[in-house]
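Novice: Structure provided below as structure tokens; questions to follow.
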Amino acid sequence: MYLALMVALPFLGAIAPLLVRHHSRRTISYAAGAVAVVSLLLLGYLTPSVLAGEVPQFLATWLPQLGLHVAFRLDGLSLLFAALILGIGLLIIIYAHFYLSQHDDAGRFYACLLLFMGSMLGIVTADNLILLWFFWELTSISSFLLIGFWFHQSNARRGARMALAITGAGGLALLAGILLIGNIAGSYQLDAVFAAADAIRAHSLYVPALLLVLIGAFTKSAQFPFQFWLPHAMAAPTPVSAYLHSATMVKAGIFLLARLFPVLGGTFEWFTIVTLVGLATMLFGAYFALLKNDLKGLLAFSTISHLGLITMLLGLGTHGALLAALFHILNHATFKAGLFMIAGIIDHETGSRDLRKLGGLRKAMPMTMWLAMITSAAMAGVPLLNGFLSKEMFFTEAYQQHLFGGLSWFIPVLVTLGAMLSVAYSIRFVYDVFFDKAHELPKQPHEPPIMMRVPVLILAALCITVGIAPMIMVSGFLTPALTSVAGADAEVYIALWHGFNLPLLMSVLALLGGIIIYLQRTELFNFNRQFDIRDAKDVFAGIVSRVTRFCDNLMQRIETGSLQRYMAALFILVLVFVIPELMNISALTGSRPQLDVDAISLSGAIILMAAAFGAVIFHRQRLTSLLMLSVVGLMVSLVFIQFSAPDLAMTQLVVEVVSILLMILALFFMPQRIPRSSTGGRVARDILIAGFVGGVVGSITFALLTRPFSSISDYFLANSVPGGGGTNVVNVILVDFRGFDTLGEITVLAIAAAGIHKLLNNLRPFMPSGDVDGRAWHQVKHPMMLQTISQLVLPLALMVSMYIFLRGHNLPGGGFIAGLVTAAAMILQYMANGVDWVKERFNYNYQSLAAIGVLIASLTGVGSWLFGANFLTSWFTYLDWPIVGKFEIATAILFDLGVYLTVIGATLMILANFGQMTTRHRPRQEGH
Amino acid sequence: MLTTVLQFAFFMFSVALLLNLLRFFRGPDLLDRILALDTIYINSLALLILLGMWHHTSFYFEAALLIAMLGFIGTVAAAKFLLRGDIIE
């Protein structure tokens, strides 16, 4: 419980700095600091049991069917990282209080920082691989916000985007890898995955899973060849760099390697890839660190180099190598966080981070100089400091491996070379800044505020004490961590002095070689100038724009915006799938006896077909074409009536009229005549496709109708009265059997209407001043005869719709039809009397009407919970009413009322607003 | 007797519908077409009433009522379009 609280606290606490953002800077920093302190205390509370060998765990099932649990564990490895994240995080919060300027939004900064802290804690304590991935992505997002904190700077935005793109892509690869692993292991819980380690390593999908996980880890930890994003992330404020790029985010990849080492590690593939990538990264980073003139750039590349070192140790995978890796994680975090903070202090106090401009600061900032010397000596690996110890262990492991046969000696040599470079850039960091000759600087340098130095002081002190007394300081921490990586009861032994041996010689060589390289660095600079090193940001931007261009082209070819083309593609696909199936049927006509054809049906059919053809033939005269469609609609509803579907017929009738009204409304804004634009070939193509589709659909219908088939309608017929209390099966299906479906539909209807309403807002369409033949519009807006008749129609229509609504449950009708009838009658008032006239008499906004409708329907559904029934369960009974007689009361009628109101609201919202749009913009002087 | 009359009426209204259709296609004006459509509505309505009498049921009357009402609204809309272009103003 405390464990889950510890992880959740930074997320919850992220609100705290935002809540007090209008208070003083001090309050904001205290709020953020308090969150970190409480989390740290919780960790401290849990620590003794972890050190004693227990693994506190927390499990809450979330989606057990998917293997998803909110599960946390705090084993040794988690403890090591959690202590780093919270400890250094607290120091960073103190440091940032002094670093951020008055103009920076400290509340936002601390909120993002705490979010990031929580995400990192989540990664290191997650007990479920999917959960781990979830937090992994959260760190990508929160680090994006932090790197881009100064979003007014273009390089901060670009750096943040690049970091997000690279780590985000890596995150996707990681997810794929995790899914593979979870699939093989049968669970995403870490214990189960550990237990299935042998099966995973032996599985044929081991290599793909390994590669995917490694891509995830390497992108996050800026390993070669994904290292390029890290230097550009240095556009972040320095506290962010100190936190993200020394102790936390880039260590997430390393953590993942360590976490999954028991599962994926120890194989030849693991060893080869991880070791060599680590080695390459180490050399690459060290070389470029020496060349950088930007203080933070130097530290960025040195971070890449040290991460490579740790990766390489994890790749080697021996007991000693794992210990050295964990030890160096700790050491690197301490000295690198300190160095970043020093870089921030120098930047803050002198106004420059350029090594060519800085120099001779030893007089102005003596304290800072001492701190810088200690921490960079630790980075270089000078004896009696923590960096020396882990580097010495690293040398031992590099020397002792025999994994490349006769060529194994290459590794210690290259490793020594890397160490030399590391020494050289460490010297450069100190000498070029504090010694050398002084230059003109933007600000007069002086010591920073004392509290800005305290975090560095603490870190430097740790470097020394760990360097002198490693067993006392860290063995307690490292033992459980090593146990969780290397397996049962690992021994931790770190010695200060191993006697005169080869690793010591390598250390000495590295120090001497480093000094020589530093002295000869101008040669190296000149040599490097031969290469035209392109800025990684430009390369990245180039790739991004090329990909975007390619996708754009592809999109333009597929998505042309031509409705005809989409329809053609869709229908051709339908033909491709349906034609083979239809050819399998032996005969089109089935066994059912056919009905006789009478004269009325025949003439109806003739009218139907003629009107359908007419709609196509007259398609260039829009209104005529619309009138033809009306006839088609009318004939279809007559067909429904003929074949005993009065509900369908009524629905068809009202929908038909309302949609024709809508189209006539829209017609006003369209060109009156359509030019003949289609080429002969296209017309032929379209006729062919349309003919085929029509023929195929007709065949299917005919084949279906002439065969006996059973459907679920029998069930509905049998259960309508006992189950839903209504004899009108169609209506009972709508409001009861499939009520949830209807609820969804009316919600969509309301949303669509709101969307149309919003789109029409502020639209100023073209309005023609005369009809198709150029005649001016008639002067009379609202003919009096029409006004009088339409006002008579309204009460009649309302009565009809009430009647249809009330009897809907038992006889043809219902809320939908009634709603449309009411809406149509209202539209008639708008047409005959005008918007203003209606507004004077019925000033009600239709948005709320639709919303109330959806609300009533939903509440009816929720209401059934009160009676312990499922959502939308309907209830009914029969009452004996005076005069009326036996009358049925069902909750479904309330639901239907919701449907009714939504339909009215949505329809009028669309149609009336469409009409109002023209009223608002049309010149008032014409007509009267 | 009633049967014969009904059959005759059915036949006549069917013919009327076909003639409406002819006018609908021939036009020549939009006005003619709108009138033809309105007449088609009315004749269909009549057919529905006849059908109800034929089957001795009142089920079709609501549909006929709806056609009467909504057909009117549709015709008004089309006529208003010819008059002013903008049907709701």
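Going by the structure tokens order, chains are called A, B, ..., each with residues numbered from 1, while ligands are numbered from 1 in the order shown.
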At a cut-off of 10 Å, list the chain B residues touching chain A, using only C-alpha atoms, as a PyMOL selection string.

Specialist: chain B and resi 7+10-18+20-22+24-25+27+29-30+33-34+36-38+40-41+44-45+47-48+51+59-60+62-67+69-78+80-89

Novice: Might you pull out every residue within 9 Å of A:Ala460, with only C-alpha atoms counted and same-chain residues fewer than 4 positions away left off, and present them as a tab-separated table (two decimals) with N, CA, C and O atoms, in the first residue's frame?

Specialist:
chain	number	residue	atom	x	y	z
A	334	THR	N	25.70	10.36	-9.29
A	334	THR	CA	26.16	11.37	-8.33
A	334	THR	C	27.06	12.40	-9.01
A	334	THR	O	26.80	13.59	-8.92
A	335	PHE	N	28.11	11.94	-9.67
A	335	PHE	CA	29.02	12.97	-10.18
A	335	PHE	C	28.44	13.71	-11.38
A	335	PHE	O	28.67	14.91	-11.55
A	338	GLY	N	26.02	16.38	-10.27
A	338	GLY	CA	26.81	17.49	-9.73
A	338	GLY	C	27.40	18.32	-10.85
A	338	GLY	O	27.35	19.56	-10.83
A	371	LEU	N	34.43	22.13	-6.08
A	371	LEU	CA	33.38	21.15	-6.34
A	371	LEU	C	33.54	20.56	-7.74
A	371	LEU	O	33.41	19.35	-7.95
A	372	ALA	N	33.86	21.42	-8.71
A	372	ALA	CA	34.03	20.94	-10.07
A	372	ALA	C	35.22	19.99	-10.15
A	372	ALA	O	35.17	18.98	-10.86
A	374	ILE	N	36.43	18.05	-7.80
A	374	ILE	CA	36.12	16.74	-7.19
A	374	ILE	C	35.25	15.91	-8.13
A	374	ILE	O	35.54	14.75	-8.42
A	375	THR	N	34.17	16.53	-8.61
A	375	THR	CA	33.24	15.74	-9.42
A	375	THR	C	33.86	15.32	-10.74
A	375	THR	O	33.66	14.19	-11.20
A	378	ALA	N	36.17	12.51	-10.21
A	378	ALA	CA	35.42	11.26	-10.09
A	378	ALA	C	35.05	10.74	-11.46
A	378	ALA	O	35.11	9.53	-11.73
A	455	PRO	N	23.33	21.45	-2.99
A	455	PRO	CA	23.10	20.15	-3.64
A	455	PRO	C	24.38	19.58	-4.25
A	455	PRO	O	24.65	18.39	-4.12
A	456	VAL	N	25.19	20.45	-4.87
A	456	VAL	CA	26.43	19.97	-5.46
A	456	VAL	C	27.37	19.48	-4.37
A	456	VAL	O	28.05	18.45	-4.51
A	464	ILE	N	33.31	11.45	-2.56
A	464	ILE	CA	34.51	11.17	-1.77
A	464	ILE	C	34.26	10.02	-0.80
A	464	ILE	O	35.03	9.06	-0.76
A	465	THR	N	33.16	10.11	-0.05
A	465	THR	CA	32.96	9.07	0.96
A	465	THR	C	32.78	7.70	0.33
A	465	THR	O	33.34	6.71	0.82

Novice: DSSP on the backbone: what in stretch 807-888 of chain A comes out helix (DSSP H, G or I), as an mmCIF file with N, CA and C atoms, in the first residue's frame?

Specialist:
data_model
loop_
_atom_site.group_PDB
_atom_site.id
_atom_site.type_symbol
_atom_site.label_atom_id
_atom_site.label_comp_id
_atom_site.auth_asym_id
_atom_site.auth_seq_id
_atom_site.Cartn_x
_atom_site.Cartn_y
_atom_site.Cartn_z
ATOM 1 N N ARG A 807 -49.457 5.806 -28.632
ATOM 2 C CA ARG A 807 -49.879 4.435 -28.928
ATOM 3 C C ARG A 807 -48.736 3.604 -29.486
ATOM 4 N N GLY A 815 -41.724 7.252 -30.569
ATOM 5 C CA GLY A 815 -41.090 8.548 -30.343
ATOM 6 C C GLY A 815 -40.400 9.113 -31.557
ATOM 7 N N PHE A 816 -39.769 8.262 -32.337
ATOM 8 C CA PHE A 816 -38.998 8.756 -33.468
ATOM 9 C C PHE A 816 -39.908 9.394 -34.510
ATOM 10 N N ILE A 817 -40.961 8.637 -34.904
ATOM 11 C CA ILE A 817 -41.879 9.149 -35.915
ATOM 12 C C ILE A 817 -42.572 10.400 -35.403
ATOM 13 N N ALA A 818 -43.034 10.338 -34.140
ATOM 14 C CA ALA A 818 -43.744 11.483 -33.567
ATOM 15 C C ALA A 818 -42.846 12.704 -33.544
ATOM 16 N N GLY A 819 -41.587 12.497 -33.203
ATOM 17 C CA GLY A 819 -40.640 13.609 -33.156
ATOM 18 C C GLY A 819 -40.478 14.252 -34.512
ATOM 19 N N LEU A 820 -40.355 13.423 -35.532
ATOM 20 C CA LEU A 820 -40.165 13.982 -36.868
ATOM 21 C C LEU A 820 -41.413 14.702 -37.355
ATOM 22 N N VAL A 821 -42.584 14.176 -36.983
ATOM 23 C CA VAL A 821 -43.817 14.853 -37.392
ATOM 24 C C VAL A 821 -43.883 16.241 -36.762
ATOM 25 N N THR A 822 -43.586 16.295 -35.450
ATOM 26 C CA THR A 822 -43.585 17.600 -34.781
ATOM 27 C C THR A 822 -42.577 18.532 -35.441
ATOM 28 N N ALA A 823 -41.377 18.010 -35.696
ATOM 29 C CA ALA A 823 -40.331 18.838 -36.287
ATOM 30 C C ALA A 823 -40.779 19.354 -37.652
ATOM 31 N N ALA A 824 -41.408 18.475 -38.459
ATOM 32 C CA ALA A 824 -41.836 18.901 -39.787
ATOM 33 C C ALA A 824 -42.880 20.009 -39.685
ATOM 34 N N ALA A 825 -43.787 19.884 -38.712
ATOM 35 C CA ALA A 825 -44.808 20.918 -38.542
ATOM 36 C C ALA A 825 -44.175 22.236 -38.120
ATOM 37 N N MET A 826 -43.152 22.145 -37.273
ATOM 38 C CA MET A 826 -42.454 23.359 -36.861
ATOM 39 C C MET A 826 -41.748 24.004 -38.051
ATOM 40 N N ILE A 827 -41.140 23.160 -38.881
ATOM 41 C CA ILE A 827 -40.445 23.683 -40.058
ATOM 42 C C ILE A 827 -41.432 24.408 -40.969
ATOM 43 N N LEU A 828 -42.632 23.848 -41.032
ATOM 44 C CA LEU A 828 -43.660 24.505 -41.849
ATOM 45 C C LEU A 828 -43.917 25.924 -41.340
ATOM 46 N N GLN A 829 -43.924 26.087 -40.010
ATOM 47 C CA GLN A 829 -44.117 27.432 -39.454
ATOM 48 C C GLN A 829 -42.958 28.353 -39.869
ATOM 49 N N TYR A 830 -41.758 27.798 -39.801
ATOM 50 C CA TYR A 830 -40.599 28.592 -40.219
ATOM 51 C C TYR A 830 -40.742 29.028 -41.680
ATOM 52 N N MET A 831 -41.183 28.081 -42.535
ATOM 53 C CA MET A 831 -41.273 28.384 -43.966
ATOM 54 C C MET A 831 -42.348 29.426 -44.227
ATOM 55 N N ALA A 832 -43.503 29.238 -43.566
ATOM 56 C CA ALA A 832 -44.643 30.081 -43.899
ATOM 57 C C ALA A 832 -44.565 31.445 -43.227
ATOM 58 N N ASN A 833 -43.999 31.499 -42.004
ATOM 59 C CA ASN A 833 -44.066 32.741 -41.244
ATOM 60 C C ASN A 833 -42.713 33.390 -40.978
ATOM 61 N N VAL A 835 -38.429 33.188 -39.589
ATOM 62 C CA VAL A 835 -37.699 32.901 -38.365
ATOM 63 C C VAL A 835 -38.132 33.834 -37.238
ATOM 64 N N ASP A 836 -38.254 35.112 -37.558
ATOM 65 C CA ASP A 836 -38.553 36.071 -36.499
ATOM 66 C C ASP A 836 -39.911 35.818 -35.873
ATOM 67 N N TRP A 837 -40.874 35.486 -36.738
ATOM 68 C CA TRP A 837 -42.229 35.206 -36.268
ATOM 69 C C TRP A 837 -42.213 34.051 -35.275
ATOM 70 N N VAL A 838 -41.503 32.983 -35.635
ATOM 71 C CA VAL A 838 -41.461 31.819 -34.750
ATOM 72 C C VAL A 838 -40.742 32.167 -33.460
ATOM 73 N N LYS A 839 -39.676 32.939 -33.600
ATOM 74 C CA LYS A 839 -38.893 33.283 -32.413
ATOM 75 C C LYS A 839 -39.732 34.056 -31.400
ATOM 76 N N GLU A 840 -40.562 34.926 -31.904
ATOM 77 C CA GLU A 840 -41.405 35.693 -30.991
ATOM 78 C C GLU A 840 -42.310 34.779 -30.177
ATOM 79 N N ARG A 841 -42.755 33.700 -30.786
ATOM 80 C CA ARG A 841 -43.753 32.851 -30.135
ATOM 81 C C ARG A 841 -43.156 31.623 -29.454
ATOM 82 N N TYR A 846 -32.845 24.890 -29.195
ATOM 83 C CA TYR A 846 -33.004 23.479 -29.542
ATOM 84 C C TYR A 846 -31.860 22.627 -29.027
ATOM 85 N N GLN A 847 -30.715 23.259 -28.783
ATOM 86 C CA GLN A 847 -29.594 22.498 -28.229
ATOM 87 C C GLN A 847 -30.004 21.861 -26.907
ATOM 88 N N SER A 848 -30.627 22.685 -26.026
ATOM 89 C CA SER A 848 -30.987 22.123 -24.718
ATOM 90 C C SER A 848 -32.096 21.107 -24.865
ATOM 91 N N LEU A 849 -32.958 21.304 -25.848
ATOM 92 C CA LEU A 849 -34.015 20.328 -26.061
ATOM 93 C C LEU A 849 -33.411 18.955 -26.362
ATOM 94 N N ALA A 850 -32.456 18.932 -27.294
ATOM 95 C CA ALA A 850 -31.803 17.666 -27.644
ATOM 96 C C ALA A 850 -31.079 17.104 -26.429
ATOM 97 N N ALA A 851 -30.392 17.972 -25.684
ATOM 98 C CA ALA A 851 -29.643 17.506 -24.518
ATOM 99 C C ALA A 851 -30.577 16.917 -23.474
ATOM 100 N N ILE A 852 -31.723 17.603 -23.257
ATOM 101 C CA ILE A 852 -32.686 17.097 -22.273
ATOM 102 C C ILE A 852 -33.211 15.735 -22.704
ATOM 103 N N GLY A 853 -33.431 15.590 -24.017
ATOM 104 C CA GLY A 853 -33.901 14.303 -24.526
ATOM 105 C C GLY A 853 -32.938 13.184 -24.198
ATOM 106 N N VAL A 854 -31.653 13.409 -24.528
ATOM 107 C CA VAL A 854 -30.654 12.373 -24.249
ATOM 108 C C VAL A 854 -30.589 12.101 -22.756
ATOM 109 N N LEU A 855 -30.727 13.173 -21.973
ATOM 110 C CA LEU A 855 -30.654 13.034 -20.523
ATOM 111 C C LEU A 855 -31.803 12.185 -19.989
ATOM 112 N N ILE A 856 -33.013 12.458 -20.471
ATOM 113 C CA ILE A 856 -34.175 11.688 -20.004
ATOM 114 C C ILE A 856 -33.985 10.213 -20.325
ATOM 115 N N ALA A 857 -33.546 9.951 -21.573
ATOM 116 C CA ALA A 857 -33.355 8.558 -21.978
ATOM 117 C C ALA A 857 -32.308 7.886 -21.096
ATOM 118 N N SER A 858 -31.200 8.590 -20.846
ATOM 119 C CA SER A 858 -30.143 8.003 -20.032
ATOM 120 C C SER A 858 -30.620 7.771 -18.611
ATOM 121 N N LEU A 859 -31.323 8.767 -18.056
ATOM 122 C CA LEU A 859 -31.779 8.631 -16.673
ATOM 123 C C LEU A 859 -32.765 7.489 -16.529
ATOM 124 N N THR A 860 -33.604 7.286 -17.567
ATOM 125 C CA THR A 860 -34.517 6.143 -17.529
ATOM 126 C C THR A 860 -33.709 4.863 -17.391
ATOM 127 N N GLY A 861 -32.604 4.812 -18.154
ATOM 128 C CA GLY A 861 -31.742 3.627 -18.072
ATOM 129 C C GLY A 861 -31.133 3.485 -16.703
ATOM 130 N N VAL A 862 -30.622 4.610 -16.179
ATOM 131 C CA VAL A 862 -29.973 4.563 -14.868
ATOM 132 C C VAL A 862 -30.989 4.204 -13.790
ATOM 133 N N GLY A 863 -32.222 4.677 -14.004
ATOM 134 C CA GLY A 863 -33.264 4.447 -13.015
ATOM 135 C C GLY A 863 -33.430 2.979 -12.664
ATOM 136 N N SER A 864 -33.220 2.105 -13.626
ATOM 137 C CA SER A 864 -33.433 0.689 -13.334
ATOM 138 C C SER A 864 -32.394 0.164 -12.339
ATOM 139 N N TRP A 865 -31.282 0.894 -12.187
ATOM 140 C CA TRP A 865 -30.301 0.475 -11.182
ATOM 141 C C TRP A 865 -30.889 0.571 -9.787
ATOM 142 N N LEU A 866 -31.765 1.586 -9.599
ATOM 143 C CA LEU A 866 -32.340 1.789 -8.273
ATOM 144 C C LEU A 866 -33.114 0.553 -7.827
#

Novice: In Å, how far is it from atom CA of A:Ser352 to atom CA of A:Ser241?

Specialist: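 So the answer is 16.5 Å.
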
Novice: Give me, please, the distance in Å between atom CA of A:Met567 and atom CA of A:Thr701, quoted to one decimal.

Specialist: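 These two atoms are separated by 21.1 Å.
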
Novice: Nearest to B:Leu31 among B:Phe8, B:Thr3, B:Ala79, B:Trp54, with distances taken over only C-alpha atoms: which residue is it?

Specialist: B:Ala79

Novice: Do a neighbour search on A:Gly513 at 12 Å with only C-alpha atoms, toss out local chain neighbours closer than 5 positions, and write the hits as a short mmCIF file (atom, residue, chain, number, x, y, z; two decimals) with all heavy atoms, in the first residue's frame.

Specialist:
data_model
loop_
_atom_site.label_atom_id
_atom_site.label_comp_id
_atom_site.auth_asym_id
_atom_site.auth_seq_id
_atom_site.Cartn_x
_atom_site.Cartn_y
_atom_site.Cartn_z
N ALA A 380 36.70 11.26 -14.20
CA ALA A 380 37.91 10.80 -14.87
C ALA A 380 38.41 9.48 -14.29
O ALA A 380 39.15 8.74 -14.95
CB ALA A 380 38.99 11.86 -14.77
N THR A 416 40.62 1.14 -22.69
CA THR A 416 41.61 2.07 -22.15
C THR A 416 41.61 3.37 -22.95
O THR A 416 41.72 4.46 -22.39
CB THR A 416 43.01 1.44 -22.18
OG1 THR A 416 42.91 0.09 -21.73
CG2 THR A 416 43.96 2.21 -21.30
N LEU A 417 41.48 3.22 -24.25
CA LEU A 417 41.42 4.42 -25.10
C LEU A 417 40.24 5.30 -24.69
O LEU A 417 40.37 6.53 -24.55
CB LEU A 417 41.27 3.99 -26.56
CG LEU A 417 41.16 5.14 -27.57
CD1 LEU A 417 42.45 5.94 -27.62
CD2 LEU A 417 40.81 4.61 -28.96
N GLY A 418 39.08 4.66 -24.48
CA GLY A 418 37.89 5.40 -24.06
C GLY A 418 38.14 6.12 -22.74
O GLY A 418 37.79 7.29 -22.57
N ALA A 419 38.82 5.42 -21.82
CA ALA A 419 39.10 6.02 -20.51
C ALA A 419 40.03 7.21 -20.65
O ALA A 419 39.89 8.21 -19.94
CB ALA A 419 39.69 4.97 -19.59
N MET A 420 41.01 7.10 -21.57
CA MET A 420 41.92 8.24 -21.80
C MET A 420 41.13 9.47 -22.24
O MET A 420 41.34 10.58 -21.73
CB MET A 420 42.92 7.90 -22.91
CG MET A 420 44.03 6.97 -22.49
SD MET A 420 45.05 6.67 -23.93
CE MET A 420 46.04 5.32 -23.36
N LEU A 421 40.23 9.25 -23.20
CA LEU A 421 39.42 10.37 -23.68
C LEU A 421 38.60 10.96 -22.54
O LEU A 421 38.44 12.17 -22.42
CB LEU A 421 38.50 9.90 -24.81
CG LEU A 421 39.19 9.53 -26.12
CD1 LEU A 421 38.25 8.78 -27.03
CD2 LEU A 421 39.69 10.79 -26.81
N SER A 422 38.12 10.07 -21.70
CA SER A 422 37.30 10.52 -20.58
C SER A 422 38.12 11.41 -19.65
O SER A 422 37.65 12.45 -19.18
CB SER A 422 36.77 9.28 -19.86
OG SER A 422 36.20 9.63 -18.64
N VAL A 423 39.36 11.00 -19.39
CA VAL A 423 40.23 11.82 -18.56
C VAL A 423 40.45 13.17 -19.24
O VAL A 423 40.37 14.23 -18.60
CB VAL A 423 41.58 11.10 -18.34
CG1 VAL A 423 42.57 12.04 -17.66
CG2 VAL A 423 41.38 9.86 -17.51
N ALA A 424 40.69 13.13 -20.56
CA ALA A 424 41.00 14.36 -21.28
C ALA A 424 39.84 15.35 -21.19
O ALA A 424 40.05 16.53 -20.89
CB ALA A 424 41.32 14.03 -22.73
N TYR A 425 38.62 14.89 -21.40
CA TYR A 425 37.54 15.88 -21.36
C TYR A 425 37.24 16.33 -19.93
O TYR A 425 36.75 17.44 -19.74
CB TYR A 425 36.29 15.43 -22.12
CG TYR A 425 35.52 14.23 -21.62
CD1 TYR A 425 34.83 14.25 -20.43
CD2 TYR A 425 35.42 13.08 -22.42
CE1 TYR A 425 34.10 13.17 -20.01
CE2 TYR A 425 34.69 11.99 -22.00
CZ TYR A 425 34.04 12.03 -20.79
OH TYR A 425 33.32 10.96 -20.38
N ILE A 427 39.59 16.88 -17.72
CA ILE A 427 40.56 17.96 -17.50
C ILE A 427 40.07 19.23 -18.19
O ILE A 427 40.12 20.32 -17.64
CB ILE A 427 41.94 17.55 -18.05
CG1 ILE A 427 42.47 16.34 -17.29
CG2 ILE A 427 42.92 18.71 -17.94
CD1 ILE A 427 43.76 15.79 -17.85
N LEU A 505 47.30 -0.84 -14.00
CA LEU A 505 48.14 -0.30 -15.08
C LEU A 505 47.26 0.42 -16.10
O LEU A 505 47.60 1.51 -16.58
CB LEU A 505 48.89 -1.45 -15.76
CG LEU A 505 49.81 -1.02 -16.91
CD1 LEU A 505 50.97 -0.19 -16.38
CD2 LEU A 505 50.33 -2.22 -17.68
N MET A 506 46.09 -0.17 -16.40
CA MET A 506 45.18 0.47 -17.35
C MET A 506 44.72 1.82 -16.81
O MET A 506 44.63 2.81 -17.55
CB MET A 506 43.96 -0.44 -17.62
CG MET A 506 44.29 -1.64 -18.50
SD MET A 506 43.05 -2.94 -18.35
CE MET A 506 41.75 -2.32 -19.37
N SER A 507 44.45 1.89 -15.50
CA SER A 507 44.04 3.15 -14.89
C SER A 507 45.13 4.20 -15.04
O SER A 507 44.87 5.35 -15.41
CB SER A 507 43.75 2.95 -13.41
OG SER A 507 42.50 2.37 -13.25
N VAL A 508 46.36 3.77 -14.74
CA VAL A 508 47.48 4.71 -14.84
C VAL A 508 47.65 5.18 -16.28
O VAL A 508 47.80 6.37 -16.56
CB VAL A 508 48.77 4.04 -14.32
CG1 VAL A 508 49.97 4.94 -14.56
CG2 VAL A 508 48.65 3.70 -12.85
N TYR A 518 44.89 15.63 -23.78
CA TYR A 518 44.42 16.99 -23.51
C TYR A 518 45.42 18.02 -24.01
O TYR A 518 45.06 19.02 -24.64
CB TYR A 518 44.16 17.18 -22.02
CG TYR A 518 43.76 18.60 -21.69
CD1 TYR A 518 42.51 19.07 -22.06
CD2 TYR A 518 44.65 19.49 -21.09
CE1 TYR A 518 42.15 20.37 -21.83
CE2 TYR A 518 44.31 20.80 -20.85
CZ TYR A 518 43.05 21.24 -21.22
OH TYR A 518 42.69 22.54 -21.00
N LEU A 519 46.71 17.75 -23.75
CA LEU A 519 47.73 18.72 -24.17
C LEU A 519 47.80 18.82 -25.69
O LEU A 519 48.09 19.88 -26.23
CB LEU A 519 49.10 18.31 -23.60
CG LEU A 519 49.19 18.42 -22.07
CD1 LEU A 519 50.53 17.91 -21.56
CD2 LEU A 519 48.99 19.87 -21.63
N GLN A 520 47.55 17.72 -26.36
CA GLN A 520 47.64 17.72 -27.82
C GLN A 520 46.28 17.97 -28.48
O GLN A 520 46.08 17.65 -29.64
CB GLN A 520 48.18 16.36 -28.30
CG GLN A 520 49.56 16.04 -27.80
CD GLN A 520 50.55 17.07 -28.26
OE1 GLN A 520 50.56 17.46 -29.41
NE2 GLN A 520 51.43 17.53 -27.37
N ARG A 521 45.31 18.50 -27.73
CA ARG A 521 43.94 18.52 -28.24
C ARG A 521 43.78 19.39 -29.48
O ARG A 521 42.93 19.13 -30.31
CB ARG A 521 42.97 18.99 -27.15
CG ARG A 521 43.14 20.44 -26.73
CD ARG A 521 42.27 20.74 -25.53
NE ARG A 521 42.27 22.14 -25.19
CZ ARG A 521 43.27 22.74 -24.54
NH1 ARG A 521 44.34 22.04 -24.18
NH2 ARG A 521 43.20 24.03 -24.26
#

Novice: Have a look at A:Gln65, A:Ile141, A:Ala8, A:Thr267 and name the one nearest to A:Ala202; count only C-alpha atoms.

Specialist: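 That would be A:Thr267, the residue with the smallest distance to A:Ala202.
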
Novice: Using only C-alpha atoms, determine which residues lie at most 8 Å from stretch 87-94 of chain A, disregarding the query and same-chain residues fewer than 2 positions distant; provide the list as a list in words.

Specialist: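 So, after excluding close chain neighbours, the residues are Ser29, Ala32, Gly33, Ala36, Val37, Leu40, Ala83, Leu84, Ile85, Ala96, His97, Phe98, Tyr110, Met117, Pro239, Ala242, Tyr243, Ala247, Ala337, Met451, Met452 and Pro455 of chain A.
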
Novice: Mind pulling up the distance from atom CA of A:Arg565 to atom CA of A:Thr679?

Specialist: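 That distance, rounded to one decimal, is 14.0 Å.
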
Novice: Show me, as a ChimeraX atom specification, the residues that have an atom within 12 Å of A:Val20 when counting only C-alpha atoms, minus same-chain residues fewer than 2 positions from it.

Specialist: /A:13-18,22-32,105-108,110-111
